[in-house]
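Trainee: Got a structure for you, questions after.
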Number of protein chains: 2
Amino acid sequence: MGFWKSLFSGSDTPAASSPSQTQEYFAAVDVGNDISSGSRIFFSTDRDIDLYELEELCDAVGWSRRPLRKVKKAIQHSFLVISMWEVRGNNQRRLIGFARATSDHAFNATLWDVVVHPAFQGKGLGKALMKHTIKKLRSEDISNITLFADPHVVDFYHNLGFISDPEGIKGMFWYPN
Amino acid sequence: MGFWKSLFSGSDTPAASSPSQTQEYFAAVDVGNDISSGSRIFFSTDRDIDLYELEELCDAVGWSRRPLRKVKKAIQHSFLVISMWEVRGNNQRRLIGFARATSDHAFNATLWDVVVHPAFQGKGLGKALMKHTIKKLRSEDISNITLFADPHVVDFYHNLGFISDPEGIKGMFWYPN
């Protein structure tokens, strides 16, 4: 499987000019964080994520369940998908973080579904996930990175350089009645 | 040309399941607003927009100019593109409004570049443009429509049913240093 091959060969496939159109696009990056003895943290942009494993991660932070059919479609049509993995030894990997971005491939990207497993929070991994995501978007020449932050994570994003309501700009939502 | 053919035959091509992947997708809708004697307002989802005409529209509201190469790319990779036209007689059309949305094709859409020419503001056309855009997104089963509103248009979006900072959710931006 591509994931393991790339992960352990240490290869880092260059970013395609349009990652959302390239299902094969893949990059494994060893961030070098030794979380506990014998484990390492990797990032991947592979979209071929086990949807049940992703659901389990989202369950762990208390998110409402969503139809997997729609989650699959959203992943397919996101501009960038980043997953964060804990790898132990040679054959154990666990999905511990996730983020994705929609984009017009030119000016703007918007982050959605940013999540770090509670057991891995407070170790700087959310920050590492976001820095990796920003770096990927910047490498695609996206200069306006946006998101909608729940109140309890606003400070987290401030610390990463995000600004809330710059020049009075308001984030607004429309939902069906 | 497809535009005129569809415009005057009154046909309304059904929405493709994934408009952003279908360059041929087109719908002309007569909203029936008679702005002045002999003129009518139409909406189109055709992406084949004259970029100089769009730049002229954006100039009219004082927006900073952007590289047309990037504007073209952004239009190509938007999920939905809506243009609003004034048509006089049989052969005169003028671009008077525009909006586009990025999306994951499943849950979320984000509106960008919403503009109505100053000469056509105050006539309910911005509202018509937004209602048409929301209707199109809803027909694609998108339930979370978001945007970032400049302070002077927050009330405009409130009146359309948009909510700012629901449950304390903050719109946040990251720009390169």
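Scheme for the structure tokens: letters A, B, ... for chains in order shown; per-chain residue numbers from 1; ligand numbers from 1 in order shown.
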Using only C-alpha atoms, which residues of chain B come within 9 Å of chain A, and what is the closest atom pair for each, with the distance in Å to one decimal? Give it as a tab-separated table, sorted by chain and residue number.
Mentor:
```
residue	atom	partner	partner_atom	distance
B:Lys70	CA	A:Ala106	CA	5.5
B:Val71	CA	A:Ala106	CA	7.3
B:Lys72	CA	A:Ala106	CA	8.8
B:Lys73	CA	A:Ala106	CA	6.1
B:Ala74	CA	A:Asp104	CA	4.7
B:Ile75	CA	A:Asp104	CA	7.3
B:Gln76	CA	A:Asp104	CA	7.9
B:His77	CA	A:Asp104	CA	4.9
B:Ser78	CA	A:Asp104	CA	5.2
B:Phe79	CA	A:Asp104	CA	8.2
B:Ala101	CA	A:Asp104	CA	8.4
B:Thr102	CA	A:Ser103	CA	5.9
B:Ser103	CA	A:Thr102	CA	5.9
B:Asp104	CA	A:Ala74	CA	4.7
B:His105	CA	A:Ala74	CA	6.0
B:Ala106	CA	A:Ala74	CA	5.2
B:Phe107	CA	A:Ala74	CA	7.0
B:Asn108	CA	A:Ala74	CA	8.6
B:Ala109	CA	A:Thr102	CA	8.6
B:Thr110	CA	A:Thr110	CA	8.0
B:Trp112	CA	A:Asn108	CA	8.8
B:Ile134	CA	A:Trp174	CA	8.8
B:Arg138	CA	A:Pro176	CA	8.2
B:Ser143	CA	A:Tyr175	CA	5.8
B:Asn144	CA	A:Tyr175	CA	5.4
B:Ile145	CA	A:Trp174	CA	5.0
B:Thr146	CA	A:Phe173	CA	4.5
B:Leu147	CA	A:Met172	CA	5.4
B:Phe148	CA	A:Gly171	CA	4.6
B:Ala149	CA	A:Lys170	CA	5.0
B:Asp150	CA	A:Ile169	CA	4.6
B:Pro151	CA	A:Gly168	CA	5.5
B:Val154	CA	A:Lys170	CA	7.2
B:Tyr157	CA	A:Met172	CA	8.0
B:His158	CA	A:Met172	CA	8.6
B:Leu160	CA	A:Trp174	CA	8.5
B:Gly161	CA	A:Trp174	CA	6.3
B:Phe162	CA	A:Trp174	CA	4.5
B:Ile163	CA	A:Phe173	CA	5.2
B:Ser164	CA	A:Met172	CA	4.3
B:Asp165	CA	A:Gly171	CA	6.1
B:Pro166	CA	A:Phe173	CA	7.4
B:Glu167	CA	A:Asp150	CA	7.9
B:Gly168	CA	A:Pro151	CA	5.5
B:Ile169	CA	A:Asp150	CA	4.6
B:Lys170	CA	A:Ala149	CA	5.0
B:Gly171	CA	A:Gly171	CA	4.3
B:Met172	CA	A:Ser164	CA	4.3
B:Phe173	CA	A:Thr146	CA	4.5
B:Trp174	CA	A:Phe162	CA	4.5
B:Tyr175	CA	A:Asn144	CA	5.5
B:Pro176	CA	A:Ser143	CA	6.3
```
Trainee: Give me, as a ChimeraX atom specification, all polymer residues having an atom no more than 10 Å from Val61 (chain A), counting only C-alpha atoms and skipping those fewer than 6 positions away in the same chain.
Mentor: /A:115-118
Trainee: Given the selection you just returned, output its residues as a file containing C-alpha atoms, formatted as a compact mmCIF listing (two decimals), in the first residue's frame.
Mentor:
```txt
# COMPACT_ATOMS: atom_id res chain seq x y z
CA VAL A 115 -9.24 17.67 15.18
CA VAL A 116 -6.58 16.17 17.47
CA HIS A 117 -7.37 13.11 19.59
CA PRO A 118 -7.80 14.13 23.26
```
Trainee: Enumerate as a list in words all residues of region 110-158 of chain B assigned to strand (DSSP E or B) by DSSP on the backbone, naming them with the chain letters and numbers the document uses.
Mentor: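 Filtering region 110-158 of chain B down to strand (DSSP E or B) leaves Thr110, Leu111, Trp112, Asp113, Val114, Val115, Val116, Asn144, Ile145, Thr146, Leu147, Phe148 and Ala149 of chain B.
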